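Shown next, in structure tokens, is the structure this report addresses.
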Amino acid sequence: LPLLAVLADEKDVERGAALFHSTLIAALADWVGAVAPDEGAIVGGGACFLNQLLARGLRARLAADGRQLLEARRLPCNDGGLAFGQAWVGVQYLLG
């Protein structure tokens, strides 16, 4: 909410966008550190990873913290890739 208050008063669109992205990247990296405190790989997925600025920034921030961001490469990171993963889990279940 504090970020939204600042953005509501920001007149420079580019500065506002940069502030939004940098704050979101920092918050996500902090959250990852809190819920998964050990260094290592983190899997990122969902449509937000279509935003290259967000993905690039989070990848760099996590790397600085000794972590690797694993991202979709051959399938889309949004609903198409998630649905494929769900179908794969279903097939594995049916195969026993």
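Labeling convention for the structure tokens: chains A, B, ... as they appear, residues from 1 per chain, ligands from 1 in order of appearance.
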
Set the distance at 10 Å and use only C-alpha atoms: which residues neighbour A:Leu62 once local chain neighbours fewer than 4 positions away are removed? I'd like the list as a ChimeraX atom specification. /A:25-26,28-30,32-33,39-42,57-58,66-69

Can you pull out every residue within 9 Å of A:Ala55, counting only C-alpha atoms, but drop anything in the same chain fewer than 3 positions away, and send it as a list in words? Ile25, Gly44, Cys48, Phe49, Leu50, Asn51, Gln52, Leu58, Arg59, Ala60, Leu69 and Glu71 of chain A

Pull the strand (DSSP E or B) assignments for chain A out of DSSP run on the backbone, and list those residues as a PyMOL selection string. chain A and resi 41-43+68-70

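Atom CA of A:Gly45 is found 26.6 Å from atom CA of A:Arg15.
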
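For the set A:Trp31, A:Arg74, A:His21, A:Gly85, the residue with the smallest atom-to-atom gap to A:Arg56 is A:His21, counting only C-alpha atoms.
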
From a DSSP calculation on the backbone, collect every residue of chain A in helix (DSSP H, G or I) and output the set as an NGL selection string. :A and (2-9 or 13-35 or 47-50 or 52-64 or 79-95)

Contacts of A:Ala8 at 12 Å or less, counting only C-alpha atoms, minus same-chain residues fewer than 5 places along, as JSON, numbers by chain? {"A": [1, 2, 3, 13, 16, 17, 19, 20]}

Atoms to include: N, CA and C atoms. Write the selected residues as an mmCIF file, in the first residue's frame.
```cif
data_model
loop_
_atom_site.group_PDB
_atom_site.id
_atom_site.type_symbol
_atom_site.label_atom_id
_atom_site.label_comp_id
_atom_site.auth_asym_id
_atom_site.auth_seq_id
_atom_site.Cartn_x
_atom_site.Cartn_y
_atom_site.Cartn_z
ATOM 1 N N LEU A 1 0.798 -1.205 0.000
ATOM 2 C CA LEU A 1 0.000 0.000 0.000
ATOM 3 C C LEU A 1 0.845 1.275 0.000
ATOM 4 N N PRO A 2 1.969 1.306 0.713
ATOM 5 C CA PRO A 2 2.796 2.518 0.627
ATOM 6 C C PRO A 2 3.294 2.785 -0.795
ATOM 7 N N LEU A 3 3.625 1.724 -1.511
ATOM 8 C CA LEU A 3 4.076 1.897 -2.894
ATOM 9 C C LEU A 3 2.964 2.486 -3.745
ATOM 10 N N VAL A 13 6.031 8.885 -15.678
ATOM 11 C CA VAL A 13 5.580 7.510 -15.928
ATOM 12 C C VAL A 13 6.749 6.524 -15.903
ATOM 13 N N GLY A 16 7.887 5.988 -12.368
ATOM 14 C CA GLY A 16 6.887 5.188 -11.666
ATOM 15 C C GLY A 16 6.989 3.718 -12.025
ATOM 16 N N ALA A 17 7.165 3.430 -13.309
ATOM 17 C CA ALA A 17 7.294 2.036 -13.752
ATOM 18 C C ALA A 17 8.559 1.405 -13.171
ATOM 19 N N LEU A 19 10.122 2.299 -10.430
ATOM 20 C CA LEU A 19 9.917 2.139 -8.995
ATOM 21 C C LEU A 19 9.044 0.923 -8.698
ATOM 22 N N PHE A 20 7.977 0.763 -9.480
ATOM 23 C CA PHE A 20 7.101 -0.391 -9.301
ATOM 24 C C PHE A 20 7.875 -1.695 -9.484
#
```

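Remark: for A:Ser22, the closest of the candidate residues A:Val6, A:Leu54, A:Ala36, A:Leu82 is A:Leu54 (distances computed over only C-alpha atoms).
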
Closest of A:Ala18, A:Arg73, A:Asp65, A:Leu53 to A:Pro37 - atom-to-atom distances counting only C-alpha atoms: A:Asp65

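Among the candidate residues A:Leu95, A:Ala47, A:Thr23, A:Leu4, the one lying nearest to A:Gly81 is A:Ala47, with distances computed using only C-alpha atoms.
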
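Across the structure, atom CA of A:Val35 and atom CA of A:Phe84 are spaced 26.3 Å apart.
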